[in-house]
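What follows is start_27.tsv (TSV, C-alpha atoms and all ligand atoms).
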```
chain	number	residue	atom	x	y	z
A	1	MET	CA	-24.37	1.30	-1.52
A	2	GLN	CA	-20.75	0.44	-0.75
A	3	HIS	CA	-20.08	3.29	1.61
A	4	SER	CA	-23.26	4.63	3.18
A	5	GLN	CA	-23.49	3.83	6.91
A	6	ARG	CA	-27.21	4.65	6.82
A	7	ARG	CA	-28.87	1.27	6.53
A	8	ASP	CA	-32.31	2.86	6.04
A	9	LEU	CA	-31.02	4.77	2.99
A	10	ARG	CA	-29.39	1.67	1.56
A	11	GLU	CA	-32.70	-0.14	1.86
A	12	GLN	CA	-34.58	2.72	0.23
A	13	LEU	CA	-32.12	2.94	-2.68
A	14	TYR	CA	-31.99	-0.81	-3.17
A	15	LYS	CA	-35.77	-1.16	-3.32
A	16	ALA	CA	-36.12	1.83	-5.63
A	17	TYR	CA	-33.45	0.44	-7.95
A	18	VAL	CA	-34.75	-3.11	-8.24
A	19	SER	CA	-38.33	-1.95	-8.79
A	20	ARG	CA	-37.69	0.79	-11.32
A	21	ALA	CA	-39.99	0.82	-14.34
A	22	ALA	CA	-42.22	-1.74	-12.60
A	23	SER	CA	-45.18	0.49	-11.67
A	24	GLY	CA	-46.82	3.86	-12.31
A	25	ASP	CA	-46.14	6.02	-15.36
A	26	TYR	CA	-42.98	4.19	-16.35
A	27	ASP	CA	-44.28	0.66	-15.91
A	28	ASN	CA	-42.83	-1.34	-18.81
A	29	LEU	CA	-44.04	-4.80	-17.83
A	30	GLY	CA	-46.56	-4.74	-20.70
A	31	ASN	CA	-43.77	-3.95	-23.16
A	32	ILE	CA	-41.66	-6.82	-21.84
A	33	ASP	CA	-44.55	-9.26	-22.28
A	34	ARG	CA	-45.13	-7.98	-25.80
A	35	ILE	CA	-41.43	-8.30	-26.70
A	36	LEU	CA	-41.44	-11.89	-25.44
A	37	GLU	CA	-44.56	-12.68	-27.52
A	38	LEU	CA	-43.05	-11.14	-30.63
A	39	ARG	CA	-39.78	-13.00	-30.14
A	40	GLN	CA	-41.70	-16.25	-29.85
A	41	GLU	CA	-43.70	-15.44	-32.99
A	42	MET	CA	-40.56	-14.48	-34.95
A	43	SER	CA	-38.82	-17.68	-33.86
A	44	ASN	CA	-41.76	-19.81	-35.01
A	45	ILE	CA	-41.95	-18.01	-38.38
A	46	LEU	CA	-38.25	-18.79	-38.90
A	47	GLY	CA	-38.74	-22.44	-37.97
A	48	PHE	CA	-37.40	-22.47	-34.40
A	49	ASP	CA	-39.23	-23.61	-31.27
A	50	ASN	CA	-38.22	-20.61	-29.19
A	51	PHE	CA	-36.09	-17.47	-29.17
A	52	ALA	CA	-33.13	-19.13	-27.43
A	53	GLU	CA	-32.86	-21.57	-30.37
A	54	LEU	CA	-33.06	-18.76	-32.91
A	55	SER	CA	-30.42	-16.77	-31.04
A	56	LEU	CA	-28.04	-19.75	-30.95
A	57	ALA	CA	-28.34	-20.40	-34.68
A	58	SER	CA	-25.57	-17.86	-35.31
A	59	LYS	CA	-23.48	-18.62	-32.22
A	60	MET	CA	-20.82	-21.14	-31.29
A	61	ALA	CA	-22.78	-23.05	-28.63
A	62	PRO	CA	-24.49	-25.96	-30.38
A	63	ASN	CA	-27.89	-25.79	-28.67
A	64	VAL	CA	-29.93	-24.63	-25.69
A	65	ALA	CA	-29.12	-27.78	-23.71
A	66	ALA	CA	-25.38	-27.07	-24.05
A	67	VAL	CA	-25.88	-23.52	-22.75
A	68	GLU	CA	-27.95	-24.74	-19.84
A	69	GLY	CA	-25.35	-27.43	-19.13
A	70	LEU	CA	-22.59	-24.83	-18.97
A	71	LEU	CA	-24.63	-22.55	-16.72
A	72	GLU	CA	-25.43	-25.47	-14.42
A	73	SER	CA	-21.78	-26.50	-14.14
A	74	LEU	CA	-20.88	-22.91	-13.23
A	75	ARG	CA	-23.74	-22.72	-10.75
A	76	SER	CA	-22.82	-25.92	-8.97
A	77	ALA	CA	-19.13	-24.92	-8.82
A	78	SER	CA	-20.02	-21.50	-7.39
A	79	PHE	CA	-22.79	-22.32	-4.96
A	80	GLU	CA	-20.78	-23.48	-1.94
A	81	ALA	CA	-18.28	-20.65	-2.45
A	82	ALA	CA	-21.13	-18.14	-2.52
A	83	LYS	CA	-22.54	-19.56	0.74
A	84	GLN	CA	-19.10	-19.19	2.25
A	85	ASP	CA	-18.88	-15.59	0.96
A	86	LEU	CA	-22.10	-14.79	2.78
A	87	GLU	CA	-20.89	-16.55	5.92
A	88	ASP	CA	-17.65	-14.52	5.82
A	89	LEU	CA	-19.62	-11.29	5.54
A	90	ARG	CA	-21.84	-12.27	8.45
A	91	ALA	CA	-18.85	-13.20	10.61
A	92	TYR	CA	-17.13	-9.93	9.81
A	93	ALA	CA	-20.28	-7.90	10.57
A	94	VAL	CA	-20.64	-9.78	13.89
A	95	ALA	CA	-17.02	-8.99	14.74
A	96	GLN	CA	-17.73	-5.31	14.05
A	97	ASN	CA	-20.80	-5.43	16.37
A	98	ALA	CA	-23.14	-4.47	13.54
A	99	PRO	CA	-26.78	-4.62	14.73
A	100	GLU	CA	-27.80	-6.14	11.36
A	101	ALA	CA	-25.09	-8.84	11.51
A	102	ASN	CA	-27.47	-11.77	11.96
A	103	ASP	CA	-30.03	-10.44	9.54
A	104	LEU	CA	-28.03	-9.30	6.49
A	105	LYS	CA	-30.27	-8.17	3.65
A	106	HIS	CA	-29.57	-7.43	0.00
A	107	TRP	CA	-28.93	-3.78	0.79
A	108	ASP	CA	-26.22	-4.71	3.32
A	109	LEU	CA	-24.09	-6.92	1.07
A	110	ALA	CA	-22.26	-4.30	-1.00
A	111	TYR	CA	-21.53	-2.31	2.15
A	112	TRP	CA	-20.11	-5.22	4.14
A	113	SER	CA	-18.24	-6.65	1.14
A	114	GLU	CA	-16.43	-3.37	0.80
A	115	ARG	CA	-15.56	-3.29	4.53
A	116	LEU	CA	-14.28	-6.85	4.38
A	117	ARG	CA	-12.29	-6.14	1.23
A	118	GLU	CA	-10.58	-3.19	2.93
A	119	ALA	CA	-9.79	-5.29	6.00
A	120	LYS	CA	-8.52	-8.27	4.04
A	121	PHE	CA	-6.38	-6.72	1.35
A	122	ASP	CA	-5.36	-3.47	2.97
A	123	PHE	CA	-4.37	-1.57	-0.13
A	124	ASN	CA	-6.11	0.69	-2.56
A	125	ALA	CA	-5.89	0.96	-6.30
A	126	GLU	CA	-4.02	4.29	-6.17
A	127	GLU	CA	-0.94	2.78	-4.48
A	128	LEU	CA	-0.03	0.75	-7.52
A	129	ARG	CA	-0.05	3.59	-10.05
A	130	PRO	CA	3.67	4.47	-9.78
A	131	TYR	CA	4.51	0.94	-10.95
A	132	PHE	CA	2.53	1.17	-14.16
A	133	PRO	CA	3.56	4.07	-16.40
A	134	LEU	CA	1.79	3.74	-19.76
A	135	GLU	CA	4.90	3.54	-21.92
A	136	GLN	CA	6.38	0.70	-19.86
A	137	VAL	CA	3.05	-1.16	-19.83
A	138	LEU	CA	2.79	-0.80	-23.61
A	139	SER	CA	6.30	-2.09	-24.16
A	140	GLY	CA	5.56	-5.10	-21.92
A	141	LEU	CA	2.30	-5.71	-23.78
A	142	PHE	CA	3.99	-5.47	-27.19
A	143	ASN	CA	6.73	-7.87	-26.05
A	144	LEU	CA	4.09	-10.33	-24.93
A	145	ALA	CA	2.31	-10.04	-28.29
A	146	HIS	CA	5.65	-10.64	-30.01
A	147	ASN	CA	6.31	-13.79	-27.96
A	148	LEU	CA	2.79	-15.14	-28.41
A	149	PHE	CA	2.06	-14.24	-32.01
A	150	GLY	CA	5.41	-13.36	-33.59
A	151	ILE	CA	4.28	-9.83	-34.38
A	152	THR	CA	6.30	-6.64	-33.97
A	153	ILE	CA	4.54	-3.44	-33.02
A	154	SER	CA	6.18	-0.10	-33.66
A	155	ALA	CA	5.18	3.56	-33.53
A	156	ALA	CA	3.80	4.83	-36.85
A	157	ASP	CA	2.86	8.36	-35.82
A	158	GLY	CA	2.46	10.65	-38.82
A	159	GLN	CA	1.40	7.87	-41.19
A	160	ALA	CA	-2.29	8.55	-40.66
A	161	PRO	CA	-4.35	11.56	-39.62
A	162	ILE	CA	-5.33	11.77	-35.93
A	163	TRP	CA	-8.20	13.56	-34.16
A	164	HIS	CA	-6.31	14.73	-31.08
A	165	PRO	CA	-2.60	15.31	-30.34
A	166	ASP	CA	-2.64	12.58	-27.66
A	167	VAL	CA	-3.70	9.88	-30.12
A	168	CYS	CA	-0.90	7.48	-31.15
A	169	TYR	CA	-0.72	5.35	-34.27
A	170	PHE	CA	1.05	1.97	-34.42
A	171	GLN	CA	2.06	-0.53	-37.06
A	172	VAL	CA	1.81	-4.31	-36.60
A	173	ALA	CA	4.33	-6.32	-38.65
A	174	ASN	CA	4.56	-10.08	-39.20
A	175	GLU	CA	7.67	-12.23	-38.71
A	176	GLN	CA	8.97	-11.24	-42.14
A	177	GLY	CA	8.72	-7.57	-41.14
A	178	SER	CA	5.82	-6.76	-43.47
A	179	ALA	CA	3.00	-4.55	-42.18
A	180	ILE	CA	-0.20	-6.53	-41.63
A	181	ALA	CA	-2.27	-4.02	-39.64
A	182	PHE	CA	-2.35	-0.66	-37.89
A	183	PHE	CA	-4.08	0.70	-34.83
A	184	TYR	CA	-4.89	3.95	-33.10
A	185	LEU	CA	-4.52	4.25	-29.34
A	186	ASP	CA	-6.52	7.05	-27.71
A	187	ALA	CA	-5.50	6.36	-24.11
A	188	TYR	CA	-6.36	9.40	-22.03
A	189	SER	CA	-9.52	10.68	-20.43
A	190	ARG	CA	-10.92	13.95	-21.88
A	191	PRO	CA	-14.18	14.34	-19.97
A	192	ALA	CA	-15.33	17.39	-21.94
A	193	GLU	CA	-15.48	15.61	-25.29
A	194	LYS	CA	-14.96	11.89	-24.83
A	195	ARG	CA	-17.34	9.31	-23.44
A	196	GLY	CA	-16.15	7.26	-20.43
A	197	GLY	CA	-15.21	3.58	-20.41
A	198	ALA	CA	-13.01	1.63	-22.79
A	199	TRP	CA	-13.71	0.02	-26.13
A	200	MET	CA	-12.25	-1.33	-29.33
A	201	ASP	CA	-13.79	-0.78	-32.72
A	202	ASP	CA	-12.86	-1.29	-36.34
A	203	CYS	CA	-11.73	1.60	-38.50
A	204	ILE	CA	-10.97	-0.49	-41.62
A	205	GLY	CA	-11.61	-4.20	-42.10
A	206	ARG	CA	-9.16	-6.33	-44.08
A	207	SER	CA	-10.25	-6.91	-47.68
A	208	LYS	CA	-8.87	-7.66	-51.12
A	209	ILE	CA	-9.74	-5.18	-53.82
A	210	GLY	CA	-8.57	-5.94	-57.35
A	211	GLY	CA	-5.69	-8.11	-56.12
A	212	ALA	CA	-4.44	-5.58	-53.57
A	213	VAL	CA	-4.96	-6.27	-49.87
A	214	ARG	CA	-6.32	-3.44	-47.81
A	215	LEU	CA	-4.89	-3.79	-44.30
A	216	PRO	CA	-7.08	-3.69	-41.19
A	217	VAL	CA	-6.99	-0.72	-38.83
A	218	ALA	CA	-8.38	-0.77	-35.28
A	219	TYR	CA	-9.26	1.86	-32.70
A	220	LEU	CA	-8.33	1.18	-29.08
A	221	THR	CA	-9.89	3.66	-26.69
A	222	CYS	CA	-9.23	3.92	-22.96
A	223	ASN	CA	-9.86	6.62	-20.37
A	224	GLN	CA	-6.85	6.75	-18.12
A	225	THR	CA	-5.18	9.68	-16.40
A	226	PRO	CA	-3.16	11.84	-18.80
A	227	PRO	CA	0.45	12.77	-17.95
A	228	VAL	CA	0.51	15.64	-15.40
A	229	ASP	CA	3.28	17.77	-13.88
A	230	GLY	CA	5.98	16.05	-15.87
A	231	LYS	CA	4.85	12.61	-14.63
A	232	PRO	CA	3.94	9.98	-17.22
A	233	SER	CA	0.41	8.55	-17.36
A	234	LEU	CA	0.39	6.26	-14.30
A	235	MET	CA	-2.12	3.42	-14.47
A	236	THR	CA	-4.06	1.51	-11.85
A	237	PHE	CA	-3.96	-2.27	-12.15
A	238	GLY	CA	-7.58	-2.12	-13.36
A	239	GLU	CA	-6.54	0.21	-16.17
A	240	VAL	CA	-3.74	-2.18	-17.14
A	241	GLU	CA	-6.28	-5.03	-17.32
A	242	THR	CA	-8.58	-2.84	-19.42
A	243	LEU	CA	-5.81	-2.04	-21.88
A	244	PHE	CA	-4.95	-5.75	-22.25
A	245	HIS	CA	-8.65	-6.51	-22.72
A	246	GLU	CA	-9.16	-3.98	-25.52
A	247	PHE	CA	-5.88	-4.99	-27.10
A	248	GLY	CA	-7.18	-8.59	-27.22
A	249	HIS	CA	-10.23	-7.43	-29.18
A	250	GLY	CA	-7.87	-5.42	-31.38
A	251	LEU	CA	-5.71	-8.47	-32.10
A	252	GLN	CA	-8.72	-10.41	-33.30
A	253	HIS	CA	-9.42	-7.62	-35.74
A	254	MET	CA	-5.81	-7.07	-36.83
A	255	LEU	CA	-4.39	-10.59	-37.09
A	256	THR	CA	-7.10	-11.79	-39.44
A	257	ASP	CA	-5.98	-13.33	-42.74
A	258	VAL	CA	-9.45	-13.38	-44.24
A	259	ASP	CA	-9.71	-11.24	-47.39
A	260	TYR	CA	-13.49	-10.71	-47.36
A	261	VAL	CA	-14.50	-7.74	-45.30
A	262	GLY	CA	-17.84	-9.26	-44.26
A	263	ALA	CA	-15.97	-12.02	-42.41
A	264	SER	CA	-12.55	-10.55	-41.64
A	265	GLY	CA	-11.38	-9.40	-38.22
A	266	ILE	CA	-14.18	-8.73	-35.77
A	267	ASN	CA	-16.84	-8.90	-38.47
A	268	ASN	CA	-19.22	-11.78	-38.05
A	269	VAL	CA	-17.58	-13.25	-34.93
A	270	GLU	CA	-20.06	-15.49	-33.10
A	271	TRP	CA	-21.44	-13.40	-30.27
A	272	ASP	CA	-20.75	-15.97	-27.54
A	273	ALA	CA	-17.08	-16.06	-28.58
A	274	VAL	CA	-16.55	-12.33	-28.92
A	275	GLU	CA	-14.95	-11.91	-25.48
A	276	LEU	CA	-12.56	-14.80	-25.89
A	277	PRO	CA	-9.44	-12.98	-27.16
A	278	SER	CA	-10.00	-10.11	-24.72
A	279	GLN	CA	-10.28	-12.43	-21.72
A	280	PHE	CA	-7.31	-14.42	-22.98
A	281	MET	CA	-5.17	-11.28	-22.98
A	282	GLU	CA	-6.48	-10.10	-19.58
A	283	ASN	CA	-5.32	-13.33	-17.97
A	284	TRP	CA	-1.72	-12.39	-18.72
A	285	CYS	CA	-2.00	-9.54	-16.21
A	286	TYR	CA	-1.99	-12.19	-13.47
A	287	HIS	CA	0.92	-14.13	-14.99
A	288	ARG	CA	3.79	-13.33	-12.65
A	289	PRO	CA	6.66	-12.93	-15.18
A	290	THR	CA	4.43	-10.83	-17.45
A	291	LEU	CA	3.19	-8.62	-14.65
A	292	LEU	CA	6.68	-8.12	-13.24
A	293	SER	CA	7.92	-7.14	-16.70
A	294	LEU	CA	5.27	-4.39	-16.78
A	295	GLY	CA	5.36	-3.30	-13.17
A	296	LYS	CA	8.39	-1.24	-12.22
A	297	HIS	CA	8.40	1.99	-10.25
A	298	TYR	CA	8.61	4.82	-12.75
A	299	GLU	CA	11.18	6.76	-10.71
A	300	THR	CA	13.29	4.11	-8.99
A	301	GLY	CA	12.87	1.14	-11.34
A	302	GLU	CA	11.97	-0.99	-8.29
A	303	PRO	CA	9.96	-4.05	-9.39
A	304	LEU	CA	6.38	-4.43	-8.14
A	305	PRO	CA	6.75	-5.79	-4.59
A	306	GLU	CA	5.73	-9.43	-4.12
A	307	HIS	CA	3.12	-8.60	-1.45
A	308	TYR	CA	1.20	-6.48	-3.97
A	309	TYR	CA	1.25	-9.33	-6.47
A	310	GLN	CA	-0.10	-11.72	-3.82
A	311	LYS	CA	-2.86	-9.26	-2.91
A	312	LEU	CA	-3.85	-8.83	-6.54
A	313	LEU	CA	-4.14	-12.59	-6.85
A	314	ALA	CA	-6.19	-12.89	-3.67
A	315	ALA	CA	-8.43	-9.94	-4.55
A	316	ARG	CA	-9.18	-11.48	-7.94
A	317	THR	CA	-11.33	-14.23	-6.44
A	318	PHE	CA	-12.80	-12.18	-3.58
A	319	MET	CA	-16.60	-12.77	-3.52
A	320	SER	CA	-16.35	-14.45	-6.92
A	321	GLY	CA	-18.79	-17.23	-5.99
A	322	SER	CA	-21.50	-14.63	-5.33
A	323	GLY	CA	-20.51	-12.65	-8.42
A	324	MET	CA	-20.86	-15.75	-10.60
A	325	LEU	CA	-24.28	-16.61	-9.21
A	326	ARG	CA	-25.42	-13.08	-10.00
A	327	GLN	CA	-24.28	-13.40	-13.61
A	328	ILE	CA	-25.94	-16.82	-13.95
A	329	HIS	CA	-29.16	-15.32	-12.67
A	330	PHE	CA	-29.01	-12.66	-15.39
A	331	SER	CA	-28.20	-15.29	-18.03
A	332	GLY	CA	-31.16	-17.37	-16.99
A	333	LEU	CA	-33.46	-14.37	-17.17
A	334	ASP	CA	-32.60	-13.21	-20.64
A	335	ASN	CA	-29.90	-13.10	-23.23
A	336	GLN	CA	-29.29	-9.61	-24.41
A	337	ASN	CA	-27.77	-8.47	-27.67
A	338	CYS	CA	-25.43	-5.51	-27.90
A	339	THR	CA	-23.37	-4.20	-30.78
A	340	SER	CA	-20.12	-2.85	-29.36
A	341	HIS	CA	-17.23	-4.77	-27.88
A	342	TYR	CA	-16.61	-3.60	-24.34
B	401	ZN	ZN	-14.66	-6.95	-24.25
```

As structure tokens, what does this structure read like?
Ligand SMILES: [Zn+2]
Amino acid sequence: MQHSQRRDLREQLYKAYVSRAASGDYDNLGNIDRILELRQEMSNILGFDNFAELSLASKMAPNVAAVEGLLESLRSASFEAAKQDLEDLRAYAVAQNAPEANDLKHWDLAYWSERLREAKFDFNAEELRPYFPLEQVLSGLFNLAHNLFGITISAADGQAPIWHPDVCYFQVANEQGSAIAFFYLDAYSRPAEKRGGAWMDDCIGRSKIGGAVRLPVAYLTCNQTPPVDGKPSLMTFGEVETLFHEFGHGLQHMLTDVDYVGASGINNVEWDAVELPSQFMENWCYHRPTLLSLGKHYETGEPLPEHYYQKLLAARTFMSGSGMLRQIHFSGLDNQNCTSHY
């Protein structure tokens, strides 16, 4: 959808995608209606007026009105920006003499966004890799964690069994130098045996058993390029953000001081707050001193050039009005429950 120049194929794919499972043998509309009925019935049995109220009973947001208020404030802040996004796309398509320029449809937006992104920012993700070797990024991340939380992270390889030679094990110590947690980092892609994406999960939750504290252990899993030809693992900026994100989830699990495993670390975190520490950590990737402490050319030591930093900043908000409206549309349609922390 981003790269096909065949508008007819884009239209065909778009329509097929948005109407999947809506007719014929795989029509699931009846199931959706039944799920909604059952949710309503369950909510009433439990003493709530509707499923949204039931869902919020175990979340941080106080009530449905507060959620709708937040969504409305995001919608009104994004709406004009989204109109401008569309106007920018139209203007760019006109400038490129596209026949569809004055009649852009849903199936044209991803294509023209991508063309405009290329024209505006003029760099691709691969160019930044030499500035982000894994070891340097980790040391910058651990320094940041030290400055923010007073913790010291050090290699603890050999202190716990691992499932692959590339997996590293780390200790987290408090300001007094005592271990308070450990984590595994399985950073590299292994397509034959490892699922794609990135995630954090708990290996052991903190608990107190007979007076002795059992320390928490986290798994951090990423899928970046392994070291090749004597080069270290070189990361894209997106991979750096992903590592910070998962590390944020990991911190919530590891810095807990709750001694009851049912409530320690990531156990029993309100679902609408679960992405808070991960987003908090991601934001540091755009903090100039932090980013420049991570980003140095792995061969020459040259710091990340300023023009790249400026482009990263500009690219961060590219089409973000439209992106926000899309998310608000999904939120309004349903709230979905998942069980892993991506
Ligand atoms: Zn996450």

Q: Set the cut-off to 9 Å, count all atoms listed in the file, and list whatever residues fall near ligand ZN 401 (chain B) as a PyMOL selection string.
A: chain A and resi 198-200+242+245-246+248-249+274-279+340-342

Keeping C-alpha atoms for every residue in the selection just given, could you write it to a file as a tab-separated table (two decimals), in the frame of the given file?
```tsv
chain	number	residue	atom	x	y	z
A	198	ALA	CA	-13.01	1.63	-22.79
A	199	TRP	CA	-13.71	0.02	-26.13
A	200	MET	CA	-12.25	-1.33	-29.33
A	242	THR	CA	-8.58	-2.84	-19.42
A	245	HIS	CA	-8.65	-6.51	-22.72
A	246	GLU	CA	-9.16	-3.98	-25.52
A	248	GLY	CA	-7.18	-8.59	-27.22
A	249	HIS	CA	-10.23	-7.43	-29.18
A	274	VAL	CA	-16.55	-12.33	-28.92
A	275	GLU	CA	-14.95	-11.91	-25.48
A	276	LEU	CA	-12.56	-14.80	-25.89
A	277	PRO	CA	-9.44	-12.98	-27.16
A	278	SER	CA	-10.00	-10.11	-24.72
A	279	GLN	CA	-10.28	-12.43	-21.72
A	340	SER	CA	-20.12	-2.85	-29.36
A	341	HIS	CA	-17.23	-4.77	-27.88
A	342	TYR	CA	-16.61	-3.60	-24.34
```

Q | Selection: 8 Å around region 126-129 of chain A, all atoms listed in the file, excl. self and same-chain fewer than 4 positions, as a PyMOL selection string | A | chain A and resi 133+234-237

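With all atoms listed in the file as the basis for measurement, A:Asn223 is the residue among A:Ile180, A:Ala93, A:Met1, A:Asn223 that approaches Glu193 (chain A) most closely.
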
Q | Among the residues A:Asp88, A:Val269, A:Ile328, A:Asn102, the one that comes closest to Leu70 (chain A) [using all atoms listed in the file] | A |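 Of A:Asp88, A:Val269, A:Ile328, A:Asn102, the one nearest Leu70 (chain A), counting all atoms listed in the file, is A:Ile328.
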
Hey, could you pull the box centre and edge lengths for region 282-285 of chain A, axis-aligned, 5 Å padding per side, all listed atoms, to one decimal in Å, as AutoDock Vina command-line options?
```
--center_x -4.1 --center_y -11.4 --center_z -17.9 --size_x 14.8 --size_y 13.8 --size_z 13.4
```

Q. Skipping near chain neighbours, those fewer than 4 positions away, what residues fall within 12 Å of Gln5 (chain A) using only C-alpha atoms, listed as a ChimeraX atom specification?
A. /A:1,9-11,98-100,107-108,110-112,114-115
